[in-house]
Amino acid sequence: MAAEMILVTGATEILNKLGYVIAQEIGLAWGVEDDLKKLQSTLQMIAEVTDDAEKKQLSDSSVRLWLERLKDAAYDADDVLDEFSYEVMRRREIGRLKFKVCDLVSSSNPLAFRLKMARKVAHINKIFDEICKEKDRFQLQMVSSSTSSGRSSGHKNRETVAFGEDSEIVGRKNDKSKIVELLIGSMALGDTNQKEKISVVPIVGMGGIGKTSLAQLVYKDASIVKHFETRIWVCMSNHFDFNEILGGIMESMTRTKCDSTISLDTLVNLVQERLTGRKYLLVLDDLWSQNIEEWITLKRWLAVGAMGSKVLVTTRINQVASIVQGMIPPYILQQISTDECWSIIKEEALAPGGALETPGMTEIGKEIARKCCGLSRAARSIGV
């Protein structure tokens, strides 16, 4: 599938998310507090001009390239911070199981992880310093990051709408088939499911297990593309913001930046005009809110679509899935196997130009794979 050319949007939200994560106790836990504070300060300076940059990219391709570089760097930083968070979670889990707390790379040297992550944070700082200096040549106007967008108040996860080349994800082929069937097939629930004009399919799983990557595969599956007239992808914030969600829906449908000054009533009307009578698939990626009233309101606004429209929700929280589900029960995403984790690590670490595959390296790699707890993100970040 050829890549679609779209405007670079959501940079401010990604930077806000990084700032949110940095503000947690990760730095204290791993001895990189000063480096993370420096990164946070740099991100704040960049975030002040990203709103203006997203507007100027229409007429200045160099600004667009700068934004693309910024978002790539932000994704890399996001992966590093996720790796920190995963390690904290992994150690707690191992502690509960009364196993020896061991490092991702070495079971006897926890300092190795600390040093590896310190190098990664230093590298990210260097990249963002360069990006921050480069912004000055574009004469971008500064806007306070707290007011730069009506849809940037929350921590927003990475925008991973799958417009690139098709690729399968290790261990998820069967999951993909089952979810596609839930979205377009008979769903083994009989005709009773047709009583729901807009059905919801929640995917539930712990952080790093691959919910978003799986949803990507489903989103661009050929049968999904053919079945739904309109497909929409919205990356959710940790705060449930109607303006942000509806603005994200409009941006996904129009491929253009949505004016942050538009009122909520106007946004509702604009979204309903585009969805009325159309069979659509809406992906709400990484939903956190457990406020049932907010969900009921949003679903009422979305109910203008044609019969058979679907909302695919990914979430880490079982209670969220219980709130949004209708007649279709949540799809609980399980960890991948140790062999599949090793397959991911091997693909990344032993790629051309990387480490050589030897019996010793294979033995070490498989031991590391066992410590990934079935999380694909952990396996991939270790392999890189």
# chains A, B, ... in the order shown; residues from 1 in each chain; ligands from 1
>>> select_by_dssp(residues="segment 123-323 of chain A", states="alpha helix (DSSP H)", output="ChimeraX atom specification")
/A:123-134,173-184,211-219,222-227,242-254,264-275,292-302,318-323
>>> atom_distance(atom1="atom CA of Lys178 of chain A", atom2="atom CA of Ile209 of chain A")
17.0 Å
>>> closest_residue(among="A:Val313, A:Leu183, A:Met117, A:Val170", to="Ser337 of chain A", atoms="only C-alpha atoms")
A:Val170
>>> residues_around(residues="Arg316 of chain A", least_positions_apart="4", cutoff="7 Å", atoms="only C-alpha atoms", output="PyMOL selection string")
chain A and resi 204-207
>>> closest_residue(among="A:Asp285, A:Tyr280, A:Ile344, A:Asp82", to="Gly248 of chain A", atoms="only C-alpha atoms")
A:Asp285
>>> atom_distance(atom1="atom CA of Lys176 of chain A", atom2="atom CA of Cys341 of chain A")
17.9 Å
>>> residues_around(residues="Phe242 of chain A", least_positions_apart="6", cutoff="12 Å", atoms="only C-alpha atoms", output="list in words")
Gly150, Arg151, Ser152, Ser153, Gly154, Val234, Met236, Gly248, Ile249, Ile262, Ser263, Leu264, Asp265, Thr266, Leu267, Val268, Val271, Ser289, Glu294, Trp295, Ile296, Thr297, Leu298, Lys299 and Trp301 of chain A
>>> residues_around(residues="Leu302 of chain A", least_positions_apart="5", cutoff="12 Å", atoms="only C-alpha atoms", output="ChimeraX atom specification")
/A:197-200,245-246,249,267-282,295-297,307,309-311
>>> residues_around(residues="Ile127 of chain A", least_positions_apart="6", cutoff="12 Å", atoms="only C-alpha atoms", output="PDB file with N, CA, C and O atoms, in the first residue's frame")
ATOM      1  N   LEU A  39      15.815  17.797  29.194  1.00  0.00           N
ATOM      2  CA  LEU A  39      14.986  17.418  28.055  1.00  0.00           C
ATOM      3  C   LEU A  39      13.617  18.071  28.148  1.00  0.00           C
ATOM      4  O   LEU A  39      13.087  18.584  27.162  1.00  0.00           O
ATOM      5  N   THR A  42      13.805  21.704  27.125  1.00  0.00           N
ATOM      6  CA  THR A  42      13.952  21.843  25.667  1.00  0.00           C
ATOM      7  C   THR A  42      12.633  21.582  24.958  1.00  0.00           C
ATOM      8  O   THR A  42      12.254  22.301  24.019  1.00  0.00           O
ATOM      9  N   LEU A  43      11.915  20.568  25.410  1.00  0.00           N
ATOM     10  CA  LEU A  43      10.616  20.246  24.802  1.00  0.00           C
ATOM     11  C   LEU A  43       9.632  21.396  24.961  1.00  0.00           C
ATOM     12  O   LEU A  43       8.851  21.693  24.048  1.00  0.00           O
ATOM     13  N   ARG A  69      11.025  15.668  11.348  1.00  0.00           N
ATOM     14  CA  ARG A  69      12.186  15.297  12.156  1.00  0.00           C
ATOM     15  C   ARG A  69      11.858  15.394  13.650  1.00  0.00           C
ATOM     16  O   ARG A  69      12.260  14.541  14.441  1.00  0.00           O
ATOM     17  N   LEU A  70      11.110  16.416  14.009  1.00  0.00           N
ATOM     18  CA  LEU A  70      10.710  16.595  15.397  1.00  0.00           C
ATOM     19  C   LEU A  70       9.862  15.419  15.880  1.00  0.00           C
ATOM     20  O   LEU A  70      10.076  14.881  16.969  1.00  0.00           O
ATOM     21  N   LYS A  71       8.889  15.014  15.079  1.00  0.00           N
ATOM     22  CA  LYS A  71       8.009  13.927  15.486  1.00  0.00           C
ATOM     23  C   LYS A  71       8.755  12.599  15.543  1.00  0.00           C
ATOM     24  O   LYS A  71       8.525  11.782  16.444  1.00  0.00           O
ATOM     25  N   ASP A  72       9.685  12.392  14.606  1.00  0.00           N
ATOM     26  CA  ASP A  72      10.491  11.170  14.669  1.00  0.00           C
ATOM     27  C   ASP A  72      11.298  11.126  15.964  1.00  0.00           C
ATOM     28  O   ASP A  72      11.385  10.085  16.623  1.00  0.00           O
ATOM     29  N   ALA A  73      11.893  12.266  16.320  1.00  0.00           N
ATOM     30  CA  ALA A  73      12.670  12.334  17.561  1.00  0.00           C
ATOM     31  C   ALA A  73      11.772  12.129  18.776  1.00  0.00           C
ATOM     32  O   ALA A  73      12.162  11.475  19.756  1.00  0.00           O
ATOM     33  N   ALA A  74      10.565  12.690  18.717  1.00  0.00           N
ATOM     34  CA  ALA A  74       9.628  12.540  19.835  1.00  0.00           C
ATOM     35  C   ALA A  74       9.220  11.081  20.004  1.00  0.00           C
ATOM     36  O   ALA A  74       9.079  10.586  21.131  1.00  0.00           O
ATOM     37  N   ASP A  76      11.080   8.502  19.216  1.00  0.00           N
ATOM     38  CA  ASP A  76      12.235   7.822  19.810  1.00  0.00           C
ATOM     39  C   ASP A  76      12.293   8.077  21.311  1.00  0.00           C
ATOM     40  O   ASP A  76      12.560   7.157  22.102  1.00  0.00           O
ATOM     41  N   ALA A  77      12.050   9.332  21.703  1.00  0.00           N
ATOM     42  CA  ALA A  77      12.041   9.663  23.133  1.00  0.00           C
ATOM     43  C   ALA A  77      10.920   8.916  23.849  1.00  0.00           C
ATOM     44  O   ALA A  77      11.088   8.431  24.969  1.00  0.00           O
ATOM     45  N   LYS A 120      21.124   6.612  26.246  1.00  0.00           N
ATOM     46  CA  LYS A 120      19.998   6.902  25.351  1.00  0.00           C
ATOM     47  C   LYS A 120      19.415   8.291  25.624  1.00  0.00           C
ATOM     48  O   LYS A 120      19.093   9.034  24.695  1.00  0.00           O
ATOM     49  N   VAL A 121      19.258   8.639  26.907  1.00  0.00           N
ATOM     50  CA  VAL A 121      18.718   9.957  27.257  1.00  0.00           C
ATOM     51  C   VAL A 121      19.662  11.058  26.787  1.00  0.00           C
ATOM     52  O   VAL A 121      19.222  12.094  26.271  1.00  0.00           O
ATOM     53  N   LYS A 133      17.662  24.454  18.161  1.00  0.00           N
ATOM     54  CA  LYS A 133      18.463  25.504  17.525  1.00  0.00           C
ATOM     55  C   LYS A 133      17.996  25.763  16.091  1.00  0.00           C
ATOM     56  O   LYS A 133      17.958  26.905  15.629  1.00  0.00           O
ATOM     57  N   GLU A 134      17.631  24.694  15.399  1.00  0.00           N
ATOM     58  CA  GLU A 134      17.232  24.807  14.000  1.00  0.00           C
ATOM     59  C   GLU A 134      15.924  25.580  13.821  1.00  0.00           C
ATOM     60  O   GLU A 134      15.700  26.221  12.805  1.00  0.00           O
TER      61      GLU A 134
END
>>> atom_distance(atom1="atom CA of Ala118 of chain A", atom2="atom CA of Asp35 of chain A")
8.3 Å
>>> closest_residue(among="A:Ile179, A:Leu81, A:Ile169, A:Val49", to="Gly210 of chain A", atoms="only C-alpha atoms")
A:Ile169
